[in-house]
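For reference, the structure is listed below as structure tokens.
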Amino acid sequence: MTQSPFLLCARQELLLAVRSRWTQVFAAVFAGLSLAVAVSGYTLSGGRGVQDFSRTTASIVQLVLLLVPLSALLIGVLSLSPERGAAELLFSQPVSRRSVFLGQAAGLWAALTAAQAIGFGAAGAVIFSHSGSEGIGGFALLFAGASVLTASFLGIAAILSAGVVGRRRAKALALALVIWFVATVLFDILALGLASLLRSGTASRVLIVSVVLNPIGALRTGALLALQGTTAFGSASLAFLRFTKGPGGAAMLLSGSLLLWTAVPFVFAVRRLEKADI
Amino acid sequence: MIRFASFGKAFGTHVAVTGLDLTIEGGETVALLGPNGSGKTTCLKAAAGLILPSSGQVLVDGIPASRPKARQSLSFLPQKVAFPEALTGLEVVEFYRKLRGAPAGRDREVLRFASLNGASERFVGTYSGGMVQRLGLAVAALPDSPVLLLDEPTAALDPEGLCAFYALVEKRKKQGKTVLFTSHHLGDVERLADRFAVLVGGRLAAVLSSTELASRLAERGVLRLRLDRRPENLLEALRPLSPAATWSGDELILPGPASGRPALIDAVRAAGAGILSLTADEGRLDALYSELVGGKE
């Protein structure tokens with residue numbers, strides 16, 4: 001029976017990612033840091049023992065927001081922009097470029113999500129054995145959010161990699177690092193800087209837009225909302241809740257932002273690839 | 001089978017190929033020759049659907065080459081192949097076999113054909129450059145496609161790979177399949193091709209069939225004679241038949257086509273000289289090629 005090119009490419013990419021040192025390092029670092037957060041969180045705040053799920057989830061959010069986009073961008077660009085001879089052979093086969101490319105991206109997403117599952121799973125097992133299951137829902141939700149954030153940044157990596165072969169990979173990789181720095185650090189600084197120059201009402205609107213325009217901001221806000229409700233929110237975030245008419249609307253808007261950040265980059269990447277000379 | 005119809009390709013401001021009209025019929029083996037940067041690889045990649053034409057079109061079996069359906073008819077081997085180092089040779093071939101929908105068991109066959117059956121369970125990262133290229137050849141041999149496109153196929157092959165390559169092309173020729181290849185090795189070209197298309201600066205400079213080539217080479221042949229004596233006015237008597245007739249030491253050099261050689265021998269004998277030894281060289285392909293490309297190699 002003939003297998004679909006999408007599934008074939010996804011399976012092959014998953015196999016490659018599992019064997020890749022980059023993915024293995026990411027899984028090990030993520031698991032190590034997650035465990036360290038779970039175990040040492042209390043110690044750092046003067047307490048003893050393992051944190052519960054709620055506290056660990058709150059502590060782990062920043063780790064997810066930094067490591068997940070970085071791994072998706074770097075591993076994405078390295079995997080989706082093949083060497084010249086490999087790209088020529090692959091794209092001369094009688095299958096559409098779209099199937100091959102999206103299949104590869106799907107396989108990569110599965111591998112990175114599995115690597116995150118190892119990290120979340122290791123921390124979760126230790127927490128469960130010491131502190132029980134209270135707050136496990138938020139922990140699971142953060143894992144789901146990390147998985148969607150992986151897809152969003154793989155989409156950006158796909159745009160950078162579409163039709164890129166050989167030596168141009170280094171340029172795509174450098175651009176990926178710049179995008180990561182802008183999305184994780186610079187974007188918030190610029191948004192806050194701009195808001196501080198504006199009047200209160202306009203500043204709130206700028207901050208609301210900035211949350212939706214950056215998938216990292218969307219996940220951060222969503223995670224805080226899920227974990228701590230409105231208690232963790234400042235005035236700008238409360239304005240965001242007013243704008244979305246409550247937590248339900250906020251969750252929908254943030255989910256929509258993350259999904260758009262996944263779908264739109266892939267649409268652009270596929271269009272770019274279909275027009276590219278290999 | 002493959003038709004370049006006013007095909008042109010520009011990369012930014014650089015024009016790689018312009019106004020190429022060339023048809024390769026089913027069952028033909030055609031070599032694309034030309035200096036570096038003459039557009040040979042661009043043409044081959046356009047036929048493999050990897051490069052989109054800037055003008056004109058490239059059709060494979062009447063279908064634009066960029067469509068996956070057109071690529072069902074062909075198999076392409078790039079100049080230098082690469083594979084993920086974390087896969088074994090067998091995993092690579094299995095992946096492409098499934099992608100092409102070739103029958104199970106074909107992967108073992110092509111690995112044996114490429115002399116890689118002993119290394120099929122090893123990771124590609126442990127292969128030598130020649131073995132990687134042979135793996136590429138195995139992948140290209142997987143489908144029994146009507147068209148084989150080969151870009152500088154012998155450039156990176158080791159001796160085992162060369163044997164496999166010649167066997168593959170000769171088998172495909174016997175089966176009446178179409179082969180289009182580029183090469184800098186004129187020996188390969190002479191051995192395999194039915195027709196030669198010469199590209200210079202992205203334009204088609206000449207198209208010759210193997211018969212035309214043989215006749216062009218024969219015209220560039222040289223007859224060398226050693227005589228028992230040098231009759232007076234011998235050169236003048238021979239120049240109507242071989243205008244460039246000359247002495248080189250004790251050898252009489254008579255450039256000209258093979259068909260004129262009996263008359264030259266008769267003329268030498270008529271002048272009263274006896275022939276001690278005779279050698280005839282045909283024209284060399286490299287000399288003809290240099291002439292066609294205008295010294296741009």
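Chain labels run A, B, ... following the order of the structure tokens; each chain numbers its residues from 1, and ligands are numbered from 1 in the order shown.
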Sorted by chain and rising residue number, list the residues of chain A at most 12 Å from chain B (counting only C-alpha atoms), each with its closest atom pair and distance in Å to one decimal, as JSON lines.
```
{"residue": "A:Met1", "atom": "CA", "partner": "B:Gly101", "partner_atom": "CA", "distance": 8.3}
{"residue": "A:Thr2", "atom": "CA", "partner": "B:Gly101", "partner_atom": "CA", "distance": 5.8}
{"residue": "A:Gln3", "atom": "CA", "partner": "B:Lys98", "partner_atom": "CA", "distance": 6.8}
{"residue": "A:Ser4", "atom": "CA", "partner": "B:Leu99", "partner_atom": "CA", "distance": 8.0}
{"residue": "A:Pro5", "atom": "CA", "partner": "B:Leu99", "partner_atom": "CA", "distance": 6.1}
{"residue": "A:Phe6", "atom": "CA", "partner": "B:Leu99", "partner_atom": "CA", "distance": 9.7}
{"residue": "A:Leu7", "atom": "CA", "partner": "B:Leu99", "partner_atom": "CA", "distance": 10.1}
{"residue": "A:Leu8", "atom": "CA", "partner": "B:Leu99", "partner_atom": "CA", "distance": 7.3}
{"residue": "A:Cys9", "atom": "CA", "partner": "B:Phe95", "partner_atom": "CA", "distance": 8.3}
{"residue": "A:Ala10", "atom": "CA", "partner": "B:Phe95", "partner_atom": "CA", "distance": 11.2}
{"residue": "A:Arg11", "atom": "CA", "partner": "B:Phe95", "partner_atom": "CA", "distance": 9.7}
{"residue": "A:Gln12", "atom": "CA", "partner": "B:Phe95", "partner_atom": "CA", "distance": 7.6}
{"residue": "A:Glu13", "atom": "CA", "partner": "B:Pro84", "partner_atom": "CA", "distance": 9.9}
{"residue": "A:Leu14", "atom": "CA", "partner": "B:Ala86", "partner_atom": "CA", "distance": 11.7}
{"residue": "A:Leu15", "atom": "CA", "partner": "B:Leu87", "partner_atom": "CA", "distance": 8.6}
{"residue": "A:Leu16", "atom": "CA", "partner": "B:Ala86", "partner_atom": "CA", "distance": 6.4}
{"residue": "A:Ala17", "atom": "CA", "partner": "B:Ala86", "partner_atom": "CA", "distance": 9.3}
{"residue": "A:Val18", "atom": "CA", "partner": "B:Ala86", "partner_atom": "CA", "distance": 9.8}
{"residue": "A:Arg19", "atom": "CA", "partner": "B:Ala86", "partner_atom": "CA", "distance": 6.6}
{"residue": "A:Ser20", "atom": "CA", "partner": "B:Ala86", "partner_atom": "CA", "distance": 7.4}
{"residue": "A:Arg21", "atom": "CA", "partner": "B:Ala86", "partner_atom": "CA", "distance": 10.0}
{"residue": "A:Leu78", "atom": "CA", "partner": "B:Pro84", "partner_atom": "CA", "distance": 11.6}
{"residue": "A:Ser79", "atom": "CA", "partner": "B:Pro84", "partner_atom": "CA", "distance": 9.7}
{"residue": "A:Leu80", "atom": "CA", "partner": "B:Pro84", "partner_atom": "CA", "distance": 11.9}
{"residue": "A:Ser81", "atom": "CA", "partner": "B:Pro84", "partner_atom": "CA", "distance": 11.9}
{"residue": "A:Pro82", "atom": "CA", "partner": "B:Pro84", "partner_atom": "CA", "distance": 8.8}
{"residue": "A:Glu83", "atom": "CA", "partner": "B:Ala82", "partner_atom": "CA", "distance": 6.6}
{"residue": "A:Arg84", "atom": "CA", "partner": "B:Ala82", "partner_atom": "CA", "distance": 7.2}
{"residue": "A:Gly85", "atom": "CA", "partner": "B:Val81", "partner_atom": "CA", "distance": 4.0}
{"residue": "A:Ala86", "atom": "CA", "partner": "B:Ala82", "partner_atom": "CA", "distance": 4.6}
{"residue": "A:Ala87", "atom": "CA", "partner": "B:Ala82", "partner_atom": "CA", "distance": 8.2}
{"residue": "A:Glu88", "atom": "CA", "partner": "B:Pro78", "partner_atom": "CA", "distance": 6.6}
{"residue": "A:Leu89", "atom": "CA", "partner": "B:Pro78", "partner_atom": "CA", "distance": 6.7}
{"residue": "A:Leu90", "atom": "CA", "partner": "B:Tyr96", "partner_atom": "CA", "distance": 8.3}
{"residue": "A:Phe91", "atom": "CA", "partner": "B:Leu50", "partner_atom": "CA", "distance": 6.8}
{"residue": "A:Ser92", "atom": "CA", "partner": "B:Ala48", "partner_atom": "CA", "distance": 5.6}
{"residue": "A:Gln93", "atom": "CA", "partner": "B:Arg71", "partner_atom": "CA", "distance": 6.2}
{"residue": "A:Pro94", "atom": "CA", "partner": "B:Pro68", "partner_atom": "CA", "distance": 4.4}
{"residue": "A:Val95", "atom": "CA", "partner": "B:Pro68", "partner_atom": "CA", "distance": 5.2}
{"residue": "A:Ser96", "atom": "CA", "partner": "B:Pro68", "partner_atom": "CA", "distance": 5.8}
{"residue": "A:Arg97", "atom": "CA", "partner": "B:Pro68", "partner_atom": "CA", "distance": 8.6}
{"residue": "A:Arg98", "atom": "CA", "partner": "B:Pro68", "partner_atom": "CA", "distance": 10.9}
{"residue": "A:Ser99", "atom": "CA", "partner": "B:Pro68", "partner_atom": "CA", "distance": 11.0}
{"residue": "A:Val100", "atom": "CA", "partner": "B:Leu99", "partner_atom": "CA", "distance": 9.9}
{"residue": "A:Gly163", "atom": "CA", "partner": "B:Leu50", "partner_atom": "CA", "distance": 10.3}
{"residue": "A:Val165", "atom": "CA", "partner": "B:Ala82", "partner_atom": "CA", "distance": 11.5}
{"residue": "A:Gly166", "atom": "CA", "partner": "B:Ala82", "partner_atom": "CA", "distance": 10.6}
{"residue": "A:Leu273", "atom": "CA", "partner": "B:Leu50", "partner_atom": "CA", "distance": 10.8}
{"residue": "A:Glu274", "atom": "CA", "partner": "B:Ser66", "partner_atom": "CA", "distance": 9.5}
{"residue": "A:Lys275", "atom": "CA", "partner": "B:Leu52", "partner_atom": "CA", "distance": 7.6}
{"residue": "A:Ala276", "atom": "CA", "partner": "B:Ile51", "partner_atom": "CA", "distance": 7.5}
{"residue": "A:Asp277", "atom": "CA", "partner": "B:Ile51", "partner_atom": "CA", "distance": 4.6}
{"residue": "A:Ile278", "atom": "CA", "partner": "B:Leu50", "partner_atom": "CA", "distance": 5.3}
```
Writer output for current selection, N, CA and C atoms, as a compact mmCIF listing (two decimals), in the first residue's frame:
```txt
# COMPACT_ATOMS: atom_id res chain seq x y z
N MET A 1 0.84 -1.20 0.00
CA MET A 1 0.00 0.00 0.00
C MET A 1 0.88 1.25 0.00
N THR A 2 0.55 2.22 -0.86
CA THR A 2 1.34 3.45 -0.94
C THR A 2 1.02 4.34 0.25
N GLN A 3 2.07 4.82 0.92
CA GLN A 3 1.87 5.69 2.08
C GLN A 3 1.85 7.13 1.61
N SER A 4 1.15 7.99 2.37
CA SER A 4 1.08 9.39 1.96
C SER A 4 2.45 10.04 2.18
N PRO A 5 2.87 10.89 1.21
CA PRO A 5 4.17 11.54 1.34
C PRO A 5 4.28 12.35 2.63
N PHE A 6 3.15 12.95 3.06
CA PHE A 6 3.14 13.74 4.29
C PHE A 6 3.55 12.86 5.47
N LEU A 7 2.91 11.69 5.58
CA LEU A 7 3.21 10.81 6.72
C LEU A 7 4.62 10.24 6.63
N LEU A 8 5.04 9.90 5.39
CA LEU A 8 6.39 9.37 5.22
C LEU A 8 7.44 10.37 5.68
N CYS A 9 7.24 11.64 5.25
CA CYS A 9 8.22 12.68 5.60
C CYS A 9 8.16 12.98 7.09
N ALA A 10 6.94 12.96 7.66
CA ALA A 10 6.79 13.22 9.09
C ALA A 10 7.51 12.13 9.90
N ARG A 11 7.32 10.88 9.49
CA ARG A 11 7.94 9.77 10.20
C ARG A 11 9.47 9.83 10.11
N GLN A 12 9.94 10.15 8.90
CA GLN A 12 11.39 10.24 8.69
C GLN A 12 11.99 11.37 9.54
N GLU A 13 11.28 12.51 9.59
CA GLU A 13 11.80 13.66 10.34
C GLU A 13 11.77 13.38 11.84
N LEU A 14 10.73 12.67 12.27
CA LEU A 14 10.64 12.30 13.68
C LEU A 14 11.82 11.40 14.06
N LEU A 15 12.11 10.43 13.20
CA LEU A 15 13.23 9.52 13.43
C LEU A 15 14.55 10.30 13.49
N LEU A 16 14.71 11.23 12.55
CA LEU A 16 15.94 12.03 12.51
C LEU A 16 16.06 12.91 13.75
N ALA A 17 14.94 13.52 14.15
CA ALA A 17 14.97 14.41 15.31
C ALA A 17 15.27 13.64 16.60
N VAL A 18 14.71 12.44 16.69
CA VAL A 18 14.97 11.61 17.88
C VAL A 18 16.46 11.25 17.95
N ARG A 19 17.06 11.03 16.77
CA ARG A 19 18.49 10.66 16.76
C ARG A 19 19.40 11.89 16.81
N SER A 20 18.82 13.08 16.67
CA SER A 20 19.64 14.29 16.61
C SER A 20 20.17 14.67 17.99
N ARG A 21 21.44 15.03 18.03
CA ARG A 21 22.05 15.44 19.29
C ARG A 21 21.37 16.71 19.83
N LEU A 78 17.60 24.24 11.25
CA LEU A 78 18.60 23.22 10.89
C LEU A 78 17.97 22.04 10.15
N SER A 79 16.76 21.68 10.53
CA SER A 79 16.13 20.49 9.93
C SER A 79 15.38 20.81 8.64
N LEU A 80 14.78 21.99 8.55
CA LEU A 80 13.94 22.29 7.38
C LEU A 80 14.71 22.93 6.22
N SER A 81 15.99 23.25 6.44
CA SER A 81 16.79 23.76 5.32
C SER A 81 17.90 22.76 5.05
N PRO A 82 17.65 21.82 4.16
CA PRO A 82 18.60 20.73 3.96
C PRO A 82 19.84 21.15 3.18
N GLU A 83 20.81 20.25 3.14
CA GLU A 83 21.99 20.49 2.31
C GLU A 83 21.57 20.44 0.84
N ARG A 84 22.40 21.04 -0.01
CA ARG A 84 22.01 21.18 -1.41
C ARG A 84 21.64 19.84 -2.08
N GLY A 85 22.53 18.89 -2.03
CA GLY A 85 22.29 17.60 -2.70
C GLY A 85 21.08 16.87 -2.16
N ALA A 86 20.81 17.05 -0.86
CA ALA A 86 19.65 16.39 -0.24
C ALA A 86 18.36 17.03 -0.74
N ALA A 87 18.34 18.36 -0.80
CA ALA A 87 17.13 19.08 -1.25
C ALA A 87 16.82 18.76 -2.70
N GLU A 88 17.85 18.72 -3.54
CA GLU A 88 17.63 18.45 -4.96
C GLU A 88 17.01 17.07 -5.17
N LEU A 89 17.56 16.09 -4.45
CA LEU A 89 17.05 14.72 -4.61
C LEU A 89 15.61 14.61 -4.09
N LEU A 90 15.38 15.23 -2.94
CA LEU A 90 14.06 15.12 -2.30
C LEU A 90 12.98 15.83 -3.13
N PHE A 91 13.26 17.05 -3.57
CA PHE A 91 12.21 17.81 -4.27
C PHE A 91 12.09 17.45 -5.75
N SER A 92 12.94 16.54 -6.23
CA SER A 92 12.76 16.06 -7.61
C SER A 92 11.87 14.82 -7.64
N GLN A 93 11.41 14.38 -6.48
CA GLN A 93 10.51 13.22 -6.42
C GLN A 93 9.09 13.66 -6.83
N PRO A 94 8.29 12.71 -7.31
CA PRO A 94 6.96 13.09 -7.81
C PRO A 94 5.93 13.33 -6.71
N VAL A 95 6.28 14.15 -5.76
CA VAL A 95 5.34 14.54 -4.70
C VAL A 95 5.40 16.05 -4.56
N SER A 96 4.34 16.65 -4.02
CA SER A 96 4.33 18.11 -3.94
C SER A 96 5.30 18.59 -2.87
N ARG A 97 5.86 19.75 -3.12
CA ARG A 97 6.78 20.33 -2.14
C ARG A 97 6.07 20.56 -0.82
N ARG A 98 4.78 20.93 -0.92
CA ARG A 98 3.99 21.22 0.27
C ARG A 98 3.91 19.99 1.19
N SER A 99 3.62 18.82 0.59
CA SER A 99 3.49 17.59 1.40
C SER A 99 4.80 17.28 2.11
N VAL A 100 5.90 17.40 1.36
CA VAL A 100 7.21 17.08 1.94
C VAL A 100 7.51 18.02 3.10
N GLY A 163 12.90 26.86 0.97
CA GLY A 163 13.72 27.06 -0.24
C GLY A 163 15.17 27.39 0.05
N VAL A 165 18.80 26.38 0.93
CA VAL A 165 19.67 25.20 0.91
C VAL A 165 21.13 25.65 0.99
N GLY A 166 21.95 24.71 1.40
CA GLY A 166 23.40 24.93 1.38
C GLY A 166 23.85 26.07 2.27
N LEU A 273 8.17 28.37 -0.58
CA LEU A 273 8.85 27.16 -1.06
C LEU A 273 8.41 26.80 -2.48
N GLU A 274 7.11 26.95 -2.74
CA GLU A 274 6.60 26.56 -4.05
C GLU A 274 7.16 27.43 -5.18
N LYS A 275 7.58 28.65 -4.83
CA LYS A 275 8.14 29.54 -5.86
C LYS A 275 9.66 29.49 -5.89
N ALA A 276 10.25 28.75 -4.96
CA ALA A 276 11.72 28.80 -4.83
C ALA A 276 12.41 27.92 -5.87
N ASP A 277 13.58 28.37 -6.29
CA ASP A 277 14.46 27.53 -7.12
C ASP A 277 15.36 26.77 -6.17
N ILE A 278 15.38 25.45 -6.33
CA ILE A 278 16.18 24.61 -5.42
C ILE A 278 17.56 24.39 -6.03
```
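Excluding Val17 of chain B itself and same-chain residues fewer than 6 positions from it, the residues having an atom within 7 Å of it are B:Gly8, B:Lys9, B:Ala10, B:Gly39, B:Gly202, B:Arg203, counting only C-alpha atoms.
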Close residues, segment 204-206 of chain B itself excluded, 10 Å, only C-alpha atoms, min 4 positions apart in chain, as JSON, numbers by chain: {"B": [17, 18, 19, 20, 21, 22, 32, 33, 34, 38, 39, 196, 197, 198, 199, 200, 292, 293, 294]}
Env of Arg134 of chain B: 10 Å cut, atoms = only C-alpha atoms, seq-sep filter 5 positions within chain, self excluded. Answer as a short mmCIF file (atom, residue, chain, number, x, y, z; two decimals) with all heavy atoms, in the first residue's frame.
```cif
data_model
loop_
_atom_site.label_atom_id
_atom_site.label_comp_id
_atom_site.auth_asym_id
_atom_site.auth_seq_id
_atom_site.Cartn_x
_atom_site.Cartn_y
_atom_site.Cartn_z
N VAL B 81 25.31 14.39 -4.16
CA VAL B 81 24.14 14.11 -3.32
C VAL B 81 24.51 14.22 -1.84
O VAL B 81 25.69 14.16 -1.48
CB VAL B 81 23.54 12.71 -3.59
CG1 VAL B 81 22.90 12.64 -4.93
CG2 VAL B 81 24.59 11.64 -3.43
N VAL B 110 18.64 -2.45 -5.43
CA VAL B 110 19.46 -1.30 -5.85
C VAL B 110 20.69 -1.12 -4.96
O VAL B 110 21.72 -0.64 -5.43
CB VAL B 110 18.64 0.02 -5.94
CG1 VAL B 110 17.61 -0.04 -7.03
CG2 VAL B 110 18.03 0.41 -4.61
N LEU B 111 20.57 -1.52 -3.70
CA LEU B 111 21.75 -1.44 -2.82
C LEU B 111 22.82 -2.43 -3.30
O LEU B 111 24.01 -2.12 -3.29
CB LEU B 111 21.35 -1.74 -1.37
CG LEU B 111 20.67 -0.58 -0.65
CD1 LEU B 111 20.00 -1.04 0.63
CD2 LEU B 111 21.68 0.52 -0.32
N PHE B 113 23.09 -3.45 -6.41
CA PHE B 113 23.55 -2.89 -7.69
C PHE B 113 24.63 -1.81 -7.44
O PHE B 113 25.61 -1.71 -8.18
CB PHE B 113 22.34 -2.31 -8.44
CG PHE B 113 22.63 -1.14 -9.32
CD1 PHE B 113 23.21 -1.32 -10.56
CD2 PHE B 113 22.33 0.15 -8.90
CE1 PHE B 113 23.50 -0.22 -11.36
CE2 PHE B 113 22.61 1.23 -9.69
CZ PHE B 113 23.20 1.05 -10.94
N ALA B 114 24.47 -1.04 -6.35
CA ALA B 114 25.43 0.03 -6.06
C ALA B 114 26.56 -0.47 -5.15
O ALA B 114 27.32 0.34 -4.61
CB ALA B 114 24.71 1.20 -5.40
N SER B 115 26.68 -1.78 -5.01
CA SER B 115 27.71 -2.41 -4.17
C SER B 115 27.67 -1.87 -2.74
O SER B 115 28.72 -1.64 -2.13
CB SER B 115 29.11 -2.21 -4.75
OG SER B 115 29.15 -2.58 -6.09
N LEU B 116 26.46 -1.65 -2.23
CA LEU B 116 26.34 -1.12 -0.86
C LEU B 116 25.62 -2.11 0.06
O LEU B 116 25.30 -1.77 1.19
CB LEU B 116 25.56 0.20 -0.87
CG LEU B 116 26.32 1.43 -1.35
CD1 LEU B 116 25.37 2.60 -1.54
CD2 LEU B 116 27.42 1.81 -0.40
N SER B 128 32.07 6.87 2.97
CA SER B 128 33.02 7.72 2.25
C SER B 128 32.24 8.54 1.21
O SER B 128 31.07 8.24 0.93
CB SER B 128 34.07 6.86 1.56
OG SER B 128 33.44 6.13 0.51
N GLY B 129 32.91 9.55 0.64
CA GLY B 129 32.24 10.38 -0.38
C GLY B 129 31.75 9.54 -1.56
O GLY B 129 30.64 9.73 -2.05
N VAL B 139 19.44 5.38 -5.30
CA VAL B 139 18.14 6.06 -5.19
C VAL B 139 17.62 6.41 -6.60
O VAL B 139 16.44 6.23 -6.90
CB VAL B 139 18.25 7.32 -4.31
CG1 VAL B 139 16.98 8.16 -4.37
CG2 VAL B 139 18.53 6.93 -2.86
N ALA B 140 18.54 6.87 -7.45
CA ALA B 140 18.13 7.23 -8.82
C ALA B 140 17.68 5.99 -9.61
O ALA B 140 16.83 6.09 -10.49
CB ALA B 140 19.27 7.93 -9.55
N ALA B 156 31.94 12.45 -9.09
CA ALA B 156 32.28 12.11 -7.70
C ALA B 156 32.22 10.61 -7.42
O ALA B 156 32.21 10.20 -6.27
CB ALA B 156 31.33 12.86 -6.76
N LEU B 157 32.16 9.82 -8.50
CA LEU B 157 32.02 8.38 -8.27
C LEU B 157 33.37 7.69 -8.15
O LEU B 157 34.32 8.04 -8.86
CB LEU B 157 31.23 7.74 -9.43
CG LEU B 157 29.71 7.89 -9.39
CD1 LEU B 157 29.10 7.34 -10.67
CD2 LEU B 157 29.11 7.18 -8.19
N ASP B 158 33.43 6.68 -7.28
CA ASP B 158 34.63 5.85 -7.19
C ASP B 158 34.54 4.76 -8.27
O ASP B 158 33.52 4.65 -8.96
CB ASP B 158 34.75 5.27 -5.77
CG ASP B 158 33.49 4.57 -5.31
OD1 ASP B 158 32.64 4.25 -6.18
OD2 ASP B 158 33.33 4.34 -4.11
N GLU B 160 33.95 1.58 -8.30
CA GLU B 160 32.76 0.71 -8.21
C GLU B 160 31.51 1.46 -8.68
O GLU B 160 30.65 0.90 -9.35
CB GLU B 160 32.55 0.25 -6.76
CG GLU B 160 33.49 -0.85 -6.33
CD GLU B 160 33.46 -1.03 -4.83
OE1 GLU B 160 33.81 -0.07 -4.11
OE2 GLU B 160 33.09 -2.12 -4.39
N GLY B 161 31.45 2.73 -8.29
CA GLY B 161 30.32 3.56 -8.69
C GLY B 161 30.29 3.76 -10.20
O GLY B 161 29.21 3.74 -10.81
N LEU B 162 31.47 3.94 -10.78
CA LEU B 162 31.53 4.14 -12.24
C LEU B 162 31.00 2.91 -12.96
O LEU B 162 30.23 3.03 -13.93
CB LEU B 162 32.98 4.40 -12.67
CG LEU B 162 33.50 5.82 -12.44
CD1 LEU B 162 34.98 5.91 -12.77
CD2 LEU B 162 32.72 6.82 -13.29
N ALA B 164 28.88 0.73 -11.84
CA ALA B 164 27.42 0.69 -11.64
C ALA B 164 26.74 1.71 -12.54
O ALA B 164 25.70 1.44 -13.14
CB ALA B 164 27.09 0.97 -10.18
N PHE B 165 27.36 2.89 -12.65
CA PHE B 165 26.77 3.96 -13.47
C PHE B 165 26.68 3.53 -14.94
O PHE B 165 25.63 3.65 -15.57
CB PHE B 165 27.60 5.24 -13.33
CG PHE B 165 27.32 6.24 -14.40
CD1 PHE B 165 26.14 6.96 -14.41
CD2 PHE B 165 28.24 6.45 -15.42
CE1 PHE B 165 25.87 7.86 -15.43
CE2 PHE B 165 27.98 7.36 -16.43
CZ PHE B 165 26.80 8.07 -16.43
#
```
Per-residue DSSP, segment 58-170 of chain B, filtered to strand (DSSP E), as a ChimeraX atom specification: /B:58-60,63-64,74-77,147-151
Atom CA of Ser196 of chain A to atom CA of Ala239 of chain A, distance in Å rounded to a single decimal: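 Between these atoms lies a distance of 15.4 Å.
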Shell of 8 Å around Thr184 of chain A, only C-alpha atoms, local chain residues under 2 positions omitted, as a PyMOL selection string: chain A and resi 65-66+180-182+186-188+216
Keeping only N, CA, C and O atoms, write those residues as a short mmCIF file (atom, residue, chain, number, x, y, z; two decimals), in the first residue's frame.
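Output file out.cif follows:
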```cif
data_model
loop_
_atom_site.label_atom_id
_atom_site.label_comp_id
_atom_site.auth_asym_id
_atom_site.auth_seq_id
_atom_site.Cartn_x
_atom_site.Cartn_y
_atom_site.Cartn_z
N LEU A 65 8.96 29.88 28.12
CA LEU A 65 8.96 31.04 27.20
C LEU A 65 10.33 31.32 26.60
O LEU A 65 10.44 31.87 25.51
N LEU A 66 11.39 30.91 27.31
CA LEU A 66 12.74 31.12 26.78
C LEU A 66 13.22 29.95 25.92
O LEU A 66 13.70 30.14 24.80
N TRP A 180 14.42 35.32 17.84
CA TRP A 180 14.23 34.82 19.20
C TRP A 180 14.50 35.95 20.21
O TRP A 180 13.72 36.16 21.13
N PHE A 181 15.58 36.69 20.00
CA PHE A 181 15.94 37.77 20.93
C PHE A 181 14.86 38.86 20.92
O PHE A 181 14.44 39.34 21.97
N VAL A 182 14.40 39.19 19.73
CA VAL A 182 13.36 40.23 19.61
C VAL A 182 12.08 39.77 20.31
O VAL A 182 11.48 40.50 21.09
N LEU A 186 13.29 41.90 23.44
CA LEU A 186 13.16 43.27 22.92
C LEU A 186 11.71 43.72 22.77
O LEU A 186 11.38 44.89 23.01
N PHE A 187 10.86 42.77 22.35
CA PHE A 187 9.46 43.13 22.07
C PHE A 187 8.78 43.73 23.30
O PHE A 187 8.14 44.79 23.22
N ASP A 188 8.94 43.08 24.44
CA ASP A 188 8.31 43.57 25.67
C ASP A 188 8.88 44.92 26.08
O ASP A 188 8.15 45.82 26.52
N ILE A 216 4.72 34.72 22.33
CA ILE A 216 5.27 34.51 23.67
C ILE A 216 4.44 35.28 24.70
O ILE A 216 4.09 34.76 25.77
#
```
Nearest to Leu225 of chain A, chosen from A:Leu35, A:Val25, A:Ala125, A:Ala58, with only C-alpha atoms counted in the distances: A:Ala58
Pairwise distance for atom CA of Val189 of chain B and atom CA of Thr23 of chain B, rounded to one decimal in Å: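 Atom-to-atom, atom CA of Val189 of chain B and atom CA of Thr23 of chain B are spaced 18.2 Å apart.
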Secondary structure check, alpha helix (DSSP H) residues of segment 14-134 of chain B, as a ChimeraX atom specification: /B:40-47,68-71,89-100,106-113,129-134
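Residues with any atom within 10 Å of Leu288 of chain B, counting only C-alpha atoms and excluding same-chain neighbours fewer than 6 positions away, are Leu213, Arg216, Leu217, Arg220 and Gly294 of chain B.
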Include N, CA, C and O atoms and write out the residues we just selected as an mmCIF file, in the first residue's frame.
```cif
data_model
loop_
_atom_site.group_PDB
_atom_site.id
_atom_site.type_symbol
_atom_site.label_atom_id
_atom_site.label_comp_id
_atom_site.auth_asym_id
_atom_site.auth_seq_id
_atom_site.Cartn_x
_atom_site.Cartn_y
_atom_site.Cartn_z
ATOM 1 N N LEU B 213 28.971 13.662 -35.417
ATOM 2 C CA LEU B 213 30.198 13.847 -34.644
ATOM 3 C C LEU B 213 31.327 13.015 -35.246
ATOM 4 O O LEU B 213 32.443 13.513 -35.432
ATOM 5 N N ARG B 216 32.540 14.722 -38.276
ATOM 6 C CA ARG B 216 33.310 15.937 -37.949
ATOM 7 C C ARG B 216 34.691 15.568 -37.419
ATOM 8 O O ARG B 216 35.683 16.228 -37.707
ATOM 9 N N LEU B 217 34.733 14.472 -36.637
ATOM 10 C CA LEU B 217 36.035 14.051 -36.101
ATOM 11 C C LEU B 217 36.919 13.497 -37.207
ATOM 12 O O LEU B 217 38.126 13.741 -37.239
ATOM 13 N N ARG B 220 38.737 15.946 -39.090
ATOM 14 C CA ARG B 220 39.883 16.509 -38.359
ATOM 15 C C ARG B 220 40.999 15.486 -38.190
ATOM 16 O O ARG B 220 41.909 15.665 -37.388
ATOM 17 N N GLY B 294 34.447 27.791 -28.517
ATOM 18 C CA GLY B 294 35.215 29.008 -28.794
ATOM 19 C C GLY B 294 36.250 29.309 -27.739
ATOM 20 O O GLY B 294 36.480 30.459 -27.380
#
```
